[in-house]
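J.: Dropping the structure in here first, questions after.
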Amino acid sequence: MSTIIALLAIVITLIIYLLRYQQSYWQRRGVPHDPPSFPLGALKEWRRTKSFSEIMAPIYTKFKGTGPFCGIYFLLEPAVFVLDLELVKKVLIKDFQNFQDRGVFHNEIEDPLTGNLFQLDGPKWNVLRKKLSPTFTSGKMKLMFPAVVKVAQELIQVMGEKSKNAANHILEITELQARYTADVIGSCAFGLECNSLRNPDAEFVRMGRKALIERRHSILVDTFMESYPRLARKLNLVSLTKEVQDFYTGIVRKTVEYREQNQVKRNDFMNILLEMKNKEGEKDGLSVEEIAAQAYIFFLAGFETSSTTMGFALYELARNQDVQNRLRQEINTTLAQHNNECTYEAIQQMKYLEQVLSETLRKYPVLPWVERVAKADYDTGDPHYLIEKNSRVLILSYGIHHDPEYYPDPEKFDPERFTEEEIKKRPACTWIPFGDGPRNCIGLRFGKMQALIGLALLIKHFRFSFAPQTPAVLTYNKENVLLSAEHGIHLKVEQIEE
Ligand code: HEM
């Protein structure tokens with residue numbers, strides 16, 4: 001017994017020693033960094049007192065100017081934290097060949113839904129990205145446009161009913177936006193009328209939230225999997241719960257069978273994915289599991305990102321009544337020129353709406369950082385700042401978007417920053433809410449489209465203003481990696497009489 005205890009003590013001491021050695025990496029390299037805390041590194045306060053961006057933004061400000069990057073410890077692992085815009089451009093665009101991988105956990109055999117475009121790396125990612133790119137062209141967006149407008153009209157109905165019945169017309173608006181985008185993506189990605197706007201307990205949305213929050217293992221194992229994704233895959237670990245796995249795979253299987261048997265064709269992602277399945281046997285065919293994984297990530301990546309963006313936009317419009325009035329004027333004038341119909345062309349014409357959305361995504365980049373892994377040692381031009389093979393590279397969009405060098409008075413919400421002339425004045429990669437380069441957000445057009453349609457119709461039909469409980473400055477949810485308002489967003493919502 002005492003031998004076992006002694007052996008155990010040796011193993012534990014060895015592991016602690018190895019982890020501590022790993023956490024002395026930046027000191028040994030002589031690269032500026034904050035001393036790490038064991039075992040969560042820079043994220044020690046995460047989920048307790050601060051959100052991810054609130055921890056990372058001060059590090060960006062503190063070390064900017066010291067060199068092309070500083071060191072941090074992201075969970076257990078040393079990581080490169082890029083500070084210099086030139087290096088951002090090189091990593092995302094110019095030297096993309098060396099930074100193609102995102103390096104997050106995936107195990108497509110045991111955990112098939114993780115075989116999706118966001119999580120995959122290497123040649124598998126490359127092949128899949130080529131296959132899926134035609135899914136998101138402007139032509140395809142135009143075909144899906146009417147389906148999105150239909151859900152947006154339902155959102156207007158439900159919002160109208162809720163604001164009429166609410167005390168002083170005060171509503172928590174983020175939940176409704178989430179149900180709107182869930183219904184849009186549910187219908188466009190899975191071909192389902194999930195109708196969560198009317199039925200808040202819709203299983204589809206419940207599972208979406210579970211997929212974002214619940215993991216198969218404890219937070220400790222989860223941290224290990226995120227820190228050492230390749231080792232976790234070799235150990236055959238699985239991240240998603242069986243319930244989430246079975247739910248999404250089941251829906252996709254049923255949809256595929258139904259559509260194939262009844263020869264159903266619709267203008268949605270599922271149709272495009274199915275066309276790829278039917279090419280199976282050819283080089284670019286997709287299996288049902290691969291289809292399920294892509295439909296799943298389209299839902300997950302497209303649902304909360306777009307809805308929280310809409311929530312932040314409404315919050316800023318409520319705070320800046322002049323901006324809201326000017327926007328409403330543009331929406332009404334443009335719609336009048338299009339027979340009062342919300343058409344693809346009408347939305348394209350609303351330039352100020354686009355500026356409002358761009359400024360919202362600047363101030364509140366919902367996914368506040370972009371991540372890559374170096375395939376080989378990378379020379380940044382300064383030998384002291386070599387990026388070693390397999391290093392994790394972080395680019396904090398939130399830090400760049402709030403940097404007064406690029407955006408003076410960064411906390412001010414000012415859509416004038418996004419006129420064509422102002423955009424031209426700024427260097428490349430200063431606005432990266434969708435990432436940049438060949439591995440940017442593939443759903444950029446779709447995400448923008450659903451947010452623009454939703455906002456156009458909401459601002460046409462409702463006036464938004466602060467309620468007594470609306471905070472003058474938003475605080476962020478500490479547990480969510482995505483940027484989201486801590487206590488939701490409460491606004492006064494008044495219907496505008498036609
Ligand atoms: C406002 C809405 C959205 C925002 C802010 C957003 C943001 C992002 C960001 C920052 C990335 C990482 C990019 C990089 O590493 O350079 C990303 C990747 C991705 N997004 Fe989005 N996204 C949005 C909407 C959507 C939608 C609607 C979909 C699908 C229908 C989607 C699907 C994806 C996928 C599949 C990837 C991985 C792409 C790849 O690795 O090749 N996103 N998104």
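Within each chain, counting starts at residue 1; across the structure tokens, chains are named A, B, ... in the order shown, with ligands numbered 1 upward in that order.
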Quick one: everything within 9 Å of Arg439 in chain A, counting only C-alpha atoms, minus sequence neighbours fewer than 6 positions away in the same chain. Send it as a PDB file with N, CA and C atoms, in the first residue's frame.

T.:
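See out.pdb below for the written result:
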```pdb
ATOM      1  N   LEU A  92      -2.852  35.821 -40.585  1.00  0.00           N
ATOM      2  CA  LEU A  92      -4.175  35.513 -41.147  1.00  0.00           C
ATOM      3  C   LEU A  92      -4.156  35.412 -42.670  1.00  0.00           C
ATOM      4  N   ILE A  93      -3.310  36.231 -43.313  1.00  0.00           N
ATOM      5  CA  ILE A  93      -3.429  36.314 -44.770  1.00  0.00           C
ATOM      6  C   ILE A  93      -2.136  35.905 -45.490  1.00  0.00           C
ATOM      7  N   PHE A  96      -0.537  32.533 -44.515  1.00  0.00           N
ATOM      8  CA  PHE A  96      -1.600  31.634 -44.076  1.00  0.00           C
ATOM      9  C   PHE A  96      -1.185  30.161 -44.147  1.00  0.00           C
ATOM     10  N   GLN A 100      -2.663  27.614 -41.019  1.00  0.00           N
ATOM     11  CA  GLN A 100      -3.969  27.188 -41.503  1.00  0.00           C
ATOM     12  C   GLN A 100      -4.829  26.585 -40.390  1.00  0.00           C
ATOM     13  N   ASP A 101      -4.179  25.937 -39.414  1.00  0.00           N
ATOM     14  CA  ASP A 101      -4.938  25.199 -38.403  1.00  0.00           C
ATOM     15  C   ASP A 101      -5.415  26.085 -37.257  1.00  0.00           C
ATOM     16  N   ARG A 102      -6.618  25.761 -36.729  1.00  0.00           N
ATOM     17  CA  ARG A 102      -7.123  26.494 -35.560  1.00  0.00           C
ATOM     18  C   ARG A 102      -6.676  25.791 -34.273  1.00  0.00           C
ATOM     19  N   ARG A 129     -13.480  22.912 -46.719  1.00  0.00           N
ATOM     20  CA  ARG A 129     -13.721  24.348 -46.944  1.00  0.00           C
ATOM     21  C   ARG A 129     -14.013  24.594 -48.433  1.00  0.00           C
TER      22      ARG A 129
END
```

J.: At a cut-off of 6 Å, can you tabulate as JSON lines every residue of chain A near ligand 1 together with its closest atom pair and the distance in Å to one decimal, using only C-alpha atoms and all ligand atoms and ordering rows by chain then number?

T.:
```
{"residue": "A:Leu117", "atom": "CA", "partner": "ligand 1", "partner_atom_place_in_ligand_line": "39 (C)", "distance": 5.2}
{"residue": "A:Phe118", "atom": "CA", "partner": "ligand 1", "partner_atom_place_in_ligand_line": "37 (C)", "distance": 3.7}
{"residue": "A:Arg129", "atom": "CA", "partner": "ligand 1", "partner_atom_place_in_ligand_line": "41 (O)", "distance": 5.8}
{"residue": "A:Ile297", "atom": "CA", "partner": "ligand 1", "partner_atom_place_in_ligand_line": "35 (C)", "distance": 5.9}
{"residue": "A:Phe298", "atom": "CA", "partner": "ligand 1", "partner_atom_place_in_ligand_line": "29 (C)", "distance": 3.9}
{"residue": "A:Ala301", "atom": "CA", "partner": "ligand 1", "partner_atom_place_in_ligand_line": "31 (C)", "distance": 4.6}
{"residue": "A:Gly302", "atom": "CA", "partner": "ligand 1", "partner_atom_place_in_ligand_line": "27 (C)", "distance": 3.4}
{"residue": "A:Thr305", "atom": "CA", "partner": "ligand 1", "partner_atom_place_in_ligand_line": "2 (C)", "distance": 4.6}
{"residue": "A:Ser306", "atom": "CA", "partner": "ligand 1", "partner_atom_place_in_ligand_line": "1 (C)", "distance": 3.9}
{"residue": "A:Thr309", "atom": "CA", "partner": "ligand 1", "partner_atom_place_in_ligand_line": "1 (C)", "distance": 5.9}
{"residue": "A:Val366", "atom": "CA", "partner": "ligand 1", "partner_atom_place_in_ligand_line": "5 (C)", "distance": 5.5}
{"residue": "A:Leu367", "atom": "CA", "partner": "ligand 1", "partner_atom_place_in_ligand_line": "10 (C)", "distance": 5.1}
{"residue": "A:Val370", "atom": "CA", "partner": "ligand 1", "partner_atom_place_in_ligand_line": "15 (O)", "distance": 4.7}
{"residue": "A:Glu371", "atom": "CA", "partner": "ligand 1", "partner_atom_place_in_ligand_line": "15 (O)", "distance": 5.8}
{"residue": "A:Pro433", "atom": "CA", "partner": "ligand 1", "partner_atom_place_in_ligand_line": "10 (C)", "distance": 5.2}
{"residue": "A:Phe434", "atom": "CA", "partner": "ligand 1", "partner_atom_place_in_ligand_line": "10 (C)", "distance": 3.9}
{"residue": "A:Gly435", "atom": "CA", "partner": "ligand 1", "partner_atom_place_in_ligand_line": "16 (O)", "distance": 3.2}
{"residue": "A:Asp436", "atom": "CA", "partner": "ligand 1", "partner_atom_place_in_ligand_line": "16 (O)", "distance": 4.7}
{"residue": "A:Arg439", "atom": "CA", "partner": "ligand 1", "partner_atom_place_in_ligand_line": "41 (O)", "distance": 4.6}
{"residue": "A:Asn440", "atom": "CA", "partner": "ligand 1", "partner_atom_place_in_ligand_line": "16 (O)", "distance": 3.6}
{"residue": "A:Cys441", "atom": "CA", "partner": "ligand 1", "partner_atom_place_in_ligand_line": "18 (C)", "distance": 3.6}
{"residue": "A:Ile442", "atom": "CA", "partner": "ligand 1", "partner_atom_place_in_ligand_line": "38 (C)", "distance": 5.1}
{"residue": "A:Gly443", "atom": "CA", "partner": "ligand 1", "partner_atom_place_in_ligand_line": "28 (C)", "distance": 3.6}
{"residue": "A:Leu444", "atom": "CA", "partner": "ligand 1", "partner_atom_place_in_ligand_line": "24 (C)", "distance": 5.5}
{"residue": "A:Phe446", "atom": "CA", "partner": "ligand 1", "partner_atom_place_in_ligand_line": "27 (C)", "distance": 5.0}
{"residue": "A:Gly447", "atom": "CA", "partner": "ligand 1", "partner_atom_place_in_ligand_line": "27 (C)", "distance": 3.8}
{"residue": "A:Lys448", "atom": "CA", "partner": "ligand 1", "partner_atom_place_in_ligand_line": "1 (C)", "distance": 5.9}
```

J.: Would you save the residues from that selection as a CSV table (one decimal), in the first residue's frame, using C-alpha atoms?

T.:
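Result went into again.csv, see below:
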```csv
chain,number,residue,atom,x,y,z
A,117,LEU,CA,-15.4,23.0,-40.5
A,118,PHE,CA,-14.7,25.0,-37.4
A,129,ARG,CA,-13.7,24.3,-46.9
A,297,ILE,CA,-21.8,23.9,-36.7
A,298,PHE,CA,-23.9,26.1,-38.9
A,301,ALA,CA,-21.9,29.2,-35.0
A,302,GLY,CA,-24.8,31.1,-36.5
A,305,THR,CA,-23.3,35.1,-32.7
A,306,SER,CA,-25.9,36.9,-34.8
A,309,THR,CA,-25.0,41.1,-32.1
A,366,VAL,CA,-19.0,38.4,-30.2
A,367,LEU,CA,-16.2,36.0,-30.8
A,370,VAL,CA,-9.1,34.5,-33.5
A,371,GLU,CA,-6.8,31.5,-33.0
A,433,PRO,CA,-15.2,40.4,-36.1
A,434,PHE,CA,-15.4,37.6,-38.7
A,435,GLY,CA,-11.6,36.9,-38.6
A,436,ASP,CA,-9.8,37.3,-41.9
A,439,ARG,CA,-10.0,30.7,-42.7
A,440,ASN,CA,-12.4,33.6,-41.9
A,441,CYS,CA,-16.0,33.1,-41.0
A,442,ILE,CA,-17.6,31.2,-43.9
A,443,GLY,CA,-21.1,32.3,-42.7
A,444,LEU,CA,-20.2,36.0,-42.8
A,446,PHE,CA,-25.5,34.8,-43.9
A,447,GLY,CA,-24.8,36.2,-40.4
A,448,LYS,CA,-24.9,39.7,-41.7
```

J.: Give me, as a short mmCIF file (atom, residue, chain, number, x, y, z; two decimals) with N, CA, C and O atoms, in the first residue's frame, all polymer residues having an atom no more than 10 Å from Ala374 in chain A, counting only C-alpha atoms and skipping those fewer than 2 positions away in the same chain.

T.:
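File around_12.cif, as written:
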```cif
data_model
loop_
_atom_site.label_atom_id
_atom_site.label_comp_id
_atom_site.auth_asym_id
_atom_site.auth_seq_id
_atom_site.Cartn_x
_atom_site.Cartn_y
_atom_site.Cartn_z
N VAL A 80 1.28 32.51 -28.10
CA VAL A 80 1.75 33.78 -28.65
C VAL A 80 0.55 34.73 -28.71
O VAL A 80 -0.48 34.39 -29.29
N VAL A 91 -0.11 36.42 -40.22
CA VAL A 91 -0.68 35.16 -39.72
C VAL A 91 -1.97 34.82 -40.46
O VAL A 91 -2.18 33.69 -40.91
N PHE A 96 -0.54 32.53 -44.51
CA PHE A 96 -1.60 31.63 -44.08
C PHE A 96 -1.19 30.16 -44.15
O PHE A 96 -1.57 29.36 -43.30
N GLN A 97 -0.36 29.82 -45.17
CA GLN A 97 0.05 28.42 -45.33
C GLN A 97 0.63 27.84 -44.04
O GLN A 97 0.48 26.67 -43.76
N ASN A 98 1.28 28.72 -43.27
CA ASN A 98 1.89 28.24 -42.02
C ASN A 98 0.92 28.29 -40.84
O ASN A 98 1.23 27.81 -39.76
N PHE A 99 -0.23 28.94 -41.05
CA PHE A 99 -1.16 29.13 -39.92
C PHE A 99 -2.58 28.70 -40.29
O PHE A 99 -3.54 29.37 -39.94
N GLN A 100 -2.66 27.61 -41.02
CA GLN A 100 -3.97 27.19 -41.50
C GLN A 100 -4.83 26.59 -40.39
O GLN A 100 -6.04 26.72 -40.38
N ASP A 101 -4.18 25.94 -39.41
CA ASP A 101 -4.94 25.20 -38.40
C ASP A 101 -5.41 26.09 -37.26
O ASP A 101 -4.72 27.01 -36.85
N ARG A 102 -6.62 25.76 -36.73
CA ARG A 102 -7.12 26.49 -35.56
C ARG A 102 -6.68 25.79 -34.27
O ARG A 102 -6.59 26.40 -33.23
N GLY A 103 -6.46 24.49 -34.38
CA GLY A 103 -5.89 23.76 -33.24
C GLY A 103 -6.85 23.51 -32.10
O GLY A 103 -6.42 23.39 -30.96
N ARG A 372 -4.93 30.53 -34.19
CA ARG A 372 -4.28 29.67 -35.18
C ARG A 372 -3.14 28.90 -34.49
O ARG A 372 -2.71 29.28 -33.41
N ALA A 376 5.02 25.31 -38.76
CA ALA A 376 6.48 25.18 -38.66
C ALA A 376 7.00 26.42 -37.93
O ALA A 376 6.26 27.39 -37.76
N ASP A 377 8.29 26.39 -37.52
CA ASP A 377 8.89 27.59 -36.90
C ASP A 377 8.66 28.77 -37.83
O ASP A 377 8.80 28.65 -39.06
N TYR A 378 8.36 29.94 -37.26
CA TYR A 378 8.05 31.09 -38.10
C TYR A 378 8.90 32.29 -37.68
O TYR A 378 8.90 32.69 -36.52
N ILE A 387 8.39 32.33 -33.74
CA ILE A 387 7.21 31.57 -33.28
C ILE A 387 7.51 30.10 -33.51
O ILE A 387 7.71 29.67 -34.66
N GLU A 388 7.61 29.34 -32.45
CA GLU A 388 8.01 27.94 -32.59
C GLU A 388 6.87 27.08 -33.14
O GLU A 388 5.68 27.36 -32.89
N LYS A 389 7.27 26.06 -33.87
CA LYS A 389 6.34 25.07 -34.42
C LYS A 389 5.34 24.62 -33.35
O LYS A 389 5.72 24.43 -32.18
N ASN A 390 4.09 24.47 -33.75
CA ASN A 390 3.01 24.01 -32.86
C ASN A 390 2.55 25.04 -31.82
O ASN A 390 1.73 24.73 -30.97
N SER A 391 3.11 26.28 -31.89
CA SER A 391 2.65 27.30 -30.93
C SER A 391 1.23 27.72 -31.27
O SER A 391 0.86 27.86 -32.43
N ARG A 392 0.47 27.97 -30.21
CA ARG A 392 -0.88 28.51 -30.38
C ARG A 392 -0.75 30.03 -30.52
O ARG A 392 -0.01 30.66 -29.77
N VAL A 393 -1.42 30.60 -31.52
CA VAL A 393 -1.30 32.04 -31.77
C VAL A 393 -2.67 32.69 -31.58
O VAL A 393 -3.65 32.29 -32.22
#
```

J.: If DSSP is run on the backbone, what residues of range 157-400 of chain A are strand (DSSP E)? A reply as a PyMOL selection string would be ideal.

T.: chain A and resi 170-172+370-373+392-395

J.: So which residues touch range 478-489 of chain A within 8 Å, counting only C-alpha atoms, skipping near sequence neighbours fewer than 4 positions away, as a ChimeraX atom specification?

T.: /A:46-53,172-175,305,308,311,315,364-368,470,474
